[in-house]
$ cat input_16.csv   # CSV, C-alpha atoms
chain,number,residue,atom,x,y,z
A,832,MET,CA,-42.7,6.7,3.2
A,833,GLU,CA,-39.9,9.2,2.4
A,834,GLU,CA,-39.5,10.0,-1.2
A,835,TYR,CA,-35.7,9.2,-1.2
A,836,SER,CA,-33.5,6.8,0.7
A,837,LYS,CA,-29.8,7.3,1.4
A,838,ALA,CA,-28.0,4.8,-0.7
A,839,ASP,CA,-24.8,2.8,-1.0
A,840,VAL,CA,-23.0,1.6,-4.1
A,841,LEU,CA,-22.5,-2.1,-3.6
A,842,GLY,CA,-20.1,-2.3,-6.5
A,843,VAL,CA,-19.8,-2.5,-10.3
A,844,TYR,CA,-19.8,-5.9,-12.0
A,845,ALA,CA,-19.2,-7.2,-15.5
A,846,ALA,CA,-22.1,-9.3,-16.8
A,847,ASN,CA,-21.6,-11.4,-19.9
A,848,MET,CA,-24.8,-11.5,-22.0
A,849,PHE,CA,-24.9,-13.3,-25.3
A,850,GLY,CA,-21.2,-12.9,-25.7
A,851,ILE,CA,-21.2,-9.1,-25.0
A,852,THR,CA,-19.8,-7.8,-21.7
A,853,ASN,CA,-22.1,-5.3,-20.0
A,854,TYR,CA,-21.4,-3.4,-16.8
A,855,VAL,CA,-23.8,-3.0,-14.0
A,856,MET,CA,-23.7,-0.8,-11.0
A,857,LEU,CA,-25.6,-2.1,-7.9
A,858,ILE,CA,-27.3,0.6,-5.8
A,859,LYS,CA,-29.0,-0.2,-2.5
A,860,GLY,CA,-31.3,2.1,-0.6
A,861,LEU,CA,-30.4,1.8,3.1
A,862,ASP,CA,-33.9,0.9,4.1
A,863,TRP,CA,-34.6,-1.3,1.1
A,864,ASP,CA,-34.1,-4.6,2.9
A,865,ASP,CA,-32.9,-7.2,0.5
A,866,LEU,CA,-33.5,-5.1,-2.7
A,867,VAL,CA,-30.8,-3.6,-4.9
A,868,LEU,CA,-31.2,-1.7,-8.1
A,869,PRO,CA,-29.1,-2.8,-11.0
A,870,ILE,CA,-28.2,0.1,-13.4
A,871,TYR,CA,-26.4,-0.7,-16.6
A,872,ILE,CA,-23.5,1.7,-17.3
A,873,GLY,CA,-20.7,2.1,-19.8
A,874,ALA,CA,-17.4,0.3,-19.4
A,875,HIS,CA,-15.4,3.5,-18.9
A,876,GLU,CA,-17.9,4.8,-16.2
A,877,ALA,CA,-17.7,1.3,-14.5
A,878,ALA,CA,-13.9,1.5,-14.4
A,879,SER,CA,-14.1,5.1,-13.0
A,880,ILE,CA,-16.5,4.0,-10.2
A,881,GLU,CA,-14.4,1.0,-9.4
A,882,TRP,CA,-11.3,3.2,-9.1
A,883,ALA,CA,-13.2,5.5,-6.7
A,884,LEU,CA,-14.5,2.5,-4.6
A,885,LYS,CA,-11.0,1.1,-4.4
A,886,GLY,CA,-9.3,4.5,-3.8
A,887,TYR,CA,-7.1,3.9,-6.8
A,888,VAL,CA,-5.2,7.1,-7.8
A,889,HIS,CA,-3.9,7.5,-11.3
A,890,LYS,CA,-0.7,9.3,-12.2
A,891,ARG,CA,-2.7,11.7,-14.4
A,892,PRO,CA,-6.2,13.0,-13.6
A,893,MET,CA,-8.8,10.8,-15.2
A,894,THR,CA,-12.0,12.6,-16.4
A,895,HIS,CA,-14.0,12.4,-13.2
A,896,ASP,CA,-10.8,13.4,-11.2
A,897,LEU,CA,-10.6,16.4,-13.5
A,898,VAL,CA,-14.2,17.4,-12.7
A,899,ILE,CA,-13.4,17.2,-9.0
A,900,ASN,CA,-10.3,19.3,-9.5
A,901,MET,CA,-12.3,21.9,-11.4
A,902,LEU,CA,-15.0,22.1,-8.7
A,903,ASP,CA,-12.3,22.4,-6.0
A,904,ILE,CA,-10.5,25.3,-7.7
A,905,LEU,CA,-13.9,27.0,-8.3
A,906,ASN,CA,-14.7,26.5,-4.6
A,907,VAL,CA,-17.8,24.5,-5.6
A,908,ARG,CA,-18.9,21.6,-3.5
A,909,ILE,CA,-21.0,18.5,-4.5
A,910,GLU,CA,-23.7,18.5,-1.7
A,911,LYS,CA,-25.4,15.3,-2.8
A,912,ILE,CA,-26.5,13.4,-5.8
A,913,THR,CA,-29.9,11.8,-6.3
A,914,ILE,CA,-31.0,9.0,-8.6
A,915,ASP,CA,-34.4,10.1,-9.5
A,916,ALA,CA,-36.3,8.3,-12.2
A,917,MET,CA,-36.5,5.8,-15.1
A,918,ILE,CA,-37.5,7.6,-18.2
A,919,GLU,CA,-37.7,5.7,-21.5
A,920,ASN,CA,-35.7,2.9,-20.0
A,921,ILE,CA,-32.9,5.2,-18.9
A,922,TYR,CA,-32.2,6.1,-15.3
A,923,THR,CA,-31.8,9.8,-14.6
A,924,ALA,CA,-29.9,11.5,-11.8
A,925,THR,CA,-29.2,15.0,-10.4
A,926,ILE,CA,-26.0,16.5,-9.1
A,927,PHE,CA,-26.5,19.2,-6.4
A,928,LEU,CA,-23.8,21.8,-6.3
A,929,CYS,CA,-23.2,24.5,-3.7
A,930,LYS,CA,-21.0,27.5,-3.7
A,931,GLU,CA,-20.5,30.2,-1.1
A,932,GLU,CA,-20.3,33.7,-2.6
A,933,ASN,CA,-20.3,36.9,-0.6
A,934,GLY,CA,-21.5,35.0,2.4
A,935,LYS,CA,-24.5,33.5,0.5
A,936,LYS,CA,-24.9,29.9,-0.4
A,937,LEU,CA,-25.7,29.5,-4.1
A,938,ARG,CA,-27.2,26.2,-5.1
A,939,TYR,CA,-27.3,24.6,-8.6
A,940,THR,CA,-28.8,21.4,-9.8
A,941,ILE,CA,-27.5,19.5,-12.9
A,942,ASP,CA,-29.2,16.7,-14.8
A,943,ALA,CA,-26.7,13.8,-15.2
A,944,ARG,CA,-26.4,10.1,-15.8
A,945,PRO,CA,-26.3,8.0,-12.6
A,946,SER,CA,-22.9,6.7,-13.6
A,947,ASP,CA,-21.2,10.1,-13.8
A,948,SER,CA,-23.1,11.2,-10.7
A,949,VAL,CA,-21.9,8.3,-8.6
A,950,ALA,CA,-18.4,8.5,-9.9
A,951,LEU,CA,-18.3,12.1,-8.8
A,952,ALA,CA,-20.1,11.6,-5.5
A,953,LEU,CA,-17.7,8.8,-4.4
A,954,ARG,CA,-14.7,11.1,-5.2
A,955,ALA,CA,-16.3,14.0,-3.4
A,956,GLY,CA,-17.4,12.0,-0.4
A,957,ALA,CA,-21.0,13.3,-1.1
A,958,PRO,CA,-24.0,11.3,-0.1
A,959,ILE,CA,-26.1,9.4,-2.6
A,960,TYR,CA,-29.9,9.3,-2.5
A,961,ILE,CA,-32.2,7.1,-4.5
A,962,ALA,CA,-35.9,7.6,-5.2
A,963,ASN,CA,-37.9,5.0,-3.3
A,964,ARG,CA,-40.2,4.6,-6.3
A,965,LEU,CA,-37.3,3.0,-8.1
A,966,LYS,CA,-37.8,0.0,-5.8
A,967,ASN,CA,-40.2,-1.2,-8.5
A,968,TYR,CA,-37.1,-2.0,-10.6
A,969,ALA,CA,-35.1,-3.5,-7.8
A,970,ILE,CA,-34.2,-7.1,-7.5
A,971,SER,CA,-33.3,-9.2,-4.4
A,972,GLU,CA,-29.7,-9.2,-3.6
A,973,SER,CA,-29.8,-13.0,-2.9
A,974,SER,CA,-31.0,-13.7,-6.5
A,975,ILE,CA,-27.8,-12.0,-7.8
A,976,ASN,CA,-25.5,-14.2,-5.6
A,977,LEU,CA,-27.4,-17.1,-7.1
A,978,MET,CA,-26.7,-16.0,-10.6
A,979,GLU,CA,-23.0,-15.5,-9.9
A,980,SER,CA,-22.6,-19.0,-8.4
A,981,GLU,CA,-24.2,-20.6,-11.5
A,982,GLU,CA,-21.4,-19.3,-13.8
B,1386,MET,CA,9.7,31.8,-32.4
B,1387,GLU,CA,6.5,32.0,-30.4
B,1388,GLU,CA,6.3,29.5,-27.5
B,1389,TYR,CA,2.8,28.3,-28.6
B,1390,SER,CA,1.0,27.9,-31.9
B,1391,LYS,CA,-2.7,27.9,-32.3
B,1392,ALA,CA,-3.6,24.3,-33.2
B,1393,ASP,CA,-6.3,22.2,-34.9
B,1394,VAL,CA,-7.4,18.7,-34.1
B,1395,LEU,CA,-7.1,16.8,-37.4
B,1396,GLY,CA,-9.1,13.9,-36.0
B,1397,VAL,CA,-8.9,10.7,-33.9
B,1398,TYR,CA,-7.9,7.4,-35.4
B,1399,ALA,CA,-7.8,3.8,-34.4
B,1400,ALA,CA,-4.4,2.2,-34.9
B,1401,ASN,CA,-4.1,-1.6,-34.7
B,1402,MET,CA,-0.7,-2.5,-33.2
B,1403,PHE,CA,0.2,-6.1,-32.5
B,1404,GLY,CA,-3.5,-7.0,-32.3
B,1405,ILE,CA,-4.4,-4.3,-29.9
B,1406,THR,CA,-6.5,-1.3,-31.0
B,1407,ASN,CA,-4.9,2.0,-29.9
B,1408,TYR,CA,-6.4,5.4,-30.4
B,1409,VAL,CA,-4.4,8.4,-31.5
B,1410,MET,CA,-5.4,12.0,-31.7
B,1411,LEU,CA,-3.6,14.1,-34.4
B,1412,ILE,CA,-2.9,17.7,-33.5
B,1413,LYS,CA,-1.4,20.2,-35.8
B,1414,GLY,CA,0.1,23.6,-35.0
B,1415,LEU,CA,-1.2,26.1,-37.6
B,1416,ASP,CA,2.4,27.1,-38.5
B,1417,TRP,CA,3.9,23.6,-38.3
B,1418,ASP,CA,3.9,23.1,-42.0
B,1419,ASP,CA,3.7,19.4,-42.7
B,1420,LEU,CA,4.1,18.3,-39.1
B,1421,VAL,CA,1.4,16.8,-36.9
B,1422,LEU,CA,1.7,15.5,-33.3
B,1423,PRO,CA,0.2,12.1,-32.6
B,1424,ILE,CA,-1.1,11.7,-29.0
B,1425,TYR,CA,-2.2,8.3,-27.9
B,1426,ILE,CA,-5.5,8.5,-25.9
B,1427,GLY,CA,-8.0,6.2,-24.4
B,1428,ALA,CA,-10.9,4.6,-26.4
B,1429,HIS,CA,-13.6,6.5,-24.4
B,1430,GLU,CA,-11.8,9.8,-24.8
B,1431,ALA,CA,-11.3,9.2,-28.5
B,1432,ALA,CA,-15.1,8.5,-28.9
B,1433,SER,CA,-15.9,11.7,-27.0
B,1434,ILE,CA,-13.6,13.8,-29.2
B,1435,GLU,CA,-15.1,12.2,-32.3
B,1436,TRP,CA,-18.6,13.0,-31.2
B,1437,ALA,CA,-17.5,16.7,-30.6
B,1438,LEU,CA,-15.8,16.8,-34.0
B,1439,LYS,CA,-18.9,15.4,-35.7
B,1440,GLY,CA,-21.4,17.4,-33.7
B,1441,TYR,CA,-23.1,14.3,-32.5
B,1442,VAL,CA,-25.5,14.9,-29.6
B,1443,HIS,CA,-26.5,12.1,-27.2
B,1444,LYS,CA,-29.9,11.7,-25.7
B,1445,ARG,CA,-28.3,11.9,-22.2
B,1446,PRO,CA,-25.2,14.1,-21.3
B,1447,MET,CA,-22.0,12.1,-21.7
B,1448,THR,CA,-19.2,12.9,-19.2
B,1449,HIS,CA,-17.6,15.8,-21.1
B,1450,ASP,CA,-21.1,17.2,-21.9
B,1451,LEU,CA,-21.8,17.1,-18.2
B,1452,VAL,CA,-18.6,19.2,-17.5
B,1453,ILE,CA,-19.7,21.8,-20.0
B,1454,ASN,CA,-23.2,21.9,-18.5
B,1455,MET,CA,-21.6,22.4,-15.0
B,1456,LEU,CA,-19.3,25.2,-16.2
B,1457,ASP,CA,-22.3,26.9,-18.0
B,1458,ILE,CA,-24.5,26.8,-14.9
B,1459,LEU,CA,-21.6,28.1,-12.8
B,1460,ASN,CA,-21.0,30.9,-15.4
B,1461,VAL,CA,-17.5,29.7,-16.0
B,1462,ARG,CA,-16.0,29.9,-19.5
B,1463,ILE,CA,-13.2,27.8,-21.0
B,1464,GLU,CA,-10.9,30.5,-22.4
B,1465,LYS,CA,-8.4,28.2,-24.0
B,1466,ILE,CA,-6.5,25.0,-23.5
B,1467,THR,CA,-2.8,24.4,-24.0
B,1468,ILE,CA,-0.9,21.2,-24.8
B,1469,ASP,CA,2.3,22.0,-22.9
B,1470,ALA,CA,4.8,19.3,-22.5
B,1471,MET,CA,5.8,15.6,-22.6
B,1472,ILE,CA,6.8,14.4,-19.1
B,1473,GLU,CA,7.8,10.8,-18.6
B,1474,ASN,CA,6.3,9.9,-21.9
B,1475,ILE,CA,3.0,11.4,-21.1
B,1476,TYR,CA,1.7,14.6,-22.7
B,1477,THR,CA,0.3,17.3,-20.3
B,1478,ALA,CA,-2.2,20.0,-20.9
B,1479,THR,CA,-3.8,23.0,-19.1
B,1480,ILE,CA,-7.4,24.2,-19.1
B,1481,PHE,CA,-7.8,27.9,-18.6
B,1482,LEU,CA,-11.1,28.9,-16.9
B,1483,CYS,CA,-12.5,32.4,-16.6
B,1484,LYS,CA,-15.3,33.6,-14.4
B,1485,GLU,CA,-16.7,37.2,-14.0
B,1486,GLU,CA,-17.5,37.9,-10.4
B,1487,ASN,CA,-18.5,41.4,-9.1
B,1488,GLY,CA,-17.2,42.9,-12.4
B,1489,LYS,CA,-13.8,41.2,-11.9
B,1490,LYS,CA,-12.4,38.5,-14.2
B,1491,LEU,CA,-11.2,35.5,-12.1
B,1492,ARG,CA,-8.9,33.1,-13.9
B,1493,TYR,CA,-8.1,29.5,-13.0
B,1494,THR,CA,-5.7,27.0,-14.6
B,1495,ILE,CA,-6.2,23.3,-14.2
B,1496,ASP,CA,-3.7,20.5,-15.0
B,1497,ALA,CA,-5.4,17.9,-17.3
B,1498,ARG,CA,-4.8,15.3,-19.9
B,1499,PRO,CA,-4.7,16.5,-23.6
B,1500,SER,CA,-7.7,14.2,-24.4
B,1501,ASP,CA,-10.0,15.7,-21.8
B,1502,SER,CA,-8.8,19.2,-22.6
B,1503,VAL,CA,-9.5,18.8,-26.3
B,1504,ALA,CA,-12.9,17.1,-25.7
B,1505,LEU,CA,-13.9,20.1,-23.6
B,1506,ALA,CA,-12.3,22.8,-25.9
B,1507,LEU,CA,-14.2,21.4,-28.9
B,1508,ARG,CA,-17.5,21.4,-27.1
B,1509,ALA,CA,-16.9,24.9,-25.7
B,1510,GLY,CA,-15.6,26.4,-28.9
B,1511,ALA,CA,-12.4,27.3,-27.1
B,1512,PRO,CA,-9.1,27.7,-28.9
B,1513,ILE,CA,-6.4,25.0,-28.6
B,1514,TYR,CA,-2.7,26.0,-28.4
B,1515,ILE,CA,0.2,23.7,-28.6
B,1516,ALA,CA,3.8,24.3,-27.3
B,1517,ASN,CA,6.1,24.6,-30.3
B,1518,ARG,CA,8.8,22.6,-28.5
B,1519,LEU,CA,6.5,19.5,-29.0
B,1520,LYS,CA,7.4,19.7,-32.7
B,1521,ASN,CA,10.3,17.5,-31.7
B,1522,TYR,CA,7.8,14.7,-31.3
B,1523,ALA,CA,5.8,15.5,-34.4
B,1524,ILE,CA,5.8,13.5,-37.6
B,1525,SER,CA,5.1,14.5,-41.2
B,1526,GLU,CA,1.4,14.3,-42.2
B,1527,SER,CA,2.3,12.7,-45.5
B,1528,SER,CA,4.0,9.8,-43.7
B,1529,ILE,CA,0.7,9.0,-41.9
B,1530,ASN,CA,-1.2,8.9,-45.2
B,1531,LEU,CA,1.4,6.4,-46.4
B,1532,MET,CA,0.9,4.2,-43.4
B,1533,GLU,CA,-2.8,4.2,-43.9
B,1534,SER,CA,-2.5,3.2,-47.6
B,1535,GLU,CA,-0.3,0.3,-46.7
B,1536,GLU,CA,-3.0,-1.4,-44.6
$ encode --input "input_16.csv" --output "structure tokens"
Amino acid sequence: MEEYSKADVLGVYAANMFGITNYVMLIKGLDWDDLVLPIYIGAHEAASIEWALKGYVHKRPMTHDLVINMLDILNVRIEKITIDAMIENIYTATIFLCKEENGKKLRYTIDARPSDSVALALRAGAPIYIANRLKNYAISESSINLMESEE
Amino acid sequence: MEEYSKADVLGVYAANMFGITNYVMLIKGLDWDDLVLPIYIGAHEAASIEWALKGYVHKRPMTHDLVINMLDILNVRIEKITIDAMIENIYTATIFLCKEENGKKLRYTIDARPSDSVALALRAGAPIYIANRLKNYAISESSINLMESEE
């Protein structure tokens, strides 16, 4: 089995739990069959991912737009992002940057949260990969639909 | 009169208006006497600026921390930020980046919102400048204290 699968962002959803609204991003490895990984993220990060998914453009650059503008002007490309591990109940991710300088490709990796990584990857059109070992935390997509219909 | 003054961030404050919580960042040109400029910003940006002012470090990199980590690894420095103008009721700012490449200093400017610019400048220890013409929108600091004591 490959260590990573290419992944899709199914969407971000608000989940009301004990009167508090939490936001969850659903990520699906392309060969994960019915399984999706729910990752809890902040409200602002959820909005930013939603804007990217819907192609919504703000009048002024929002924070992740600013990052993309910075990388563009610096001639740095996001090659891919990977969602790697769950450490102390927190998912970790990596952003892979690439820059050509004097005909050489320079590569950099940066530790990041999955939410920022996905918000940037969607804007940059960069592929998203997910570690297959995270399937252990995945749930079946059909069980989520069931939860929604019970509301 | 100089076009720009060096500026300080006095802080970010929550202001309750008609039942809605708004966040305002107070910026003061160093030679502006009693005047401060209130700039309304988002809740998430307000929190990020507050964390930078208080030196609060998160377990995982928050979005503006991530930007700083990216610039660090790319060997790019934030030289300064400027808060420039009010256009259609929205304040605009500029982030000045500098990178040494083959012994040459390359400079880049990026259009940004004041909130992101300040959140990054505080983390990078970069100076903040404010256009003196924005004094037109400034209010006296003592009037703000008065508002707070009326609550």
$ closest_atom_pairs --input "input_16.csv" --of "chain B" --to "chain A" --cutoff "7 Å" --atoms "only C-alpha atoms" --output "CSV"
residue,atom,partner,partner_atom,distance
B:His1429,CA,A:His875,CA,6.5
B:Arg1445,CA,A:Arg944,CA,6.9
B:Pro1446,CA,A:Ala943,CA,6.3
B:Thr1448,CA,A:Asp947,CA,6.4
B:Leu1451,CA,A:Ala943,CA,6.6
B:Val1452,CA,A:Val898,CA,6.8
B:Met1455,CA,A:Ile941,CA,6.9
B:Ile1495,CA,A:Met901,CA,6.9
B:Ala1497,CA,A:Pro892,CA,6.2
B:Arg1498,CA,A:Pro892,CA,6.9
B:Asp1501,CA,A:Thr894,CA,6.5
$ closest_residue --input "input_16.csv" --among "B:Gly1488, B:His1443, B:Asn1401, B:Pro1499" --to "Ile1426 (chain B)" --atoms "all atoms listed in the file"
B:Pro1499
$ residues_around --input "input_16.csv" --residues "region 1467-1470 of chain B" --least-positions-apart "3" --cutoff "6 Å" --atoms "only C-alpha atoms" --output "ChimeraX atom specification"
/B:1476-1479,1513-1516
$ atom_distance --input "input_16.csv" --atom1 "CA of Met917 (chain A)" --atom2 "CA of Ile880 (chain A)"
20.7 Å
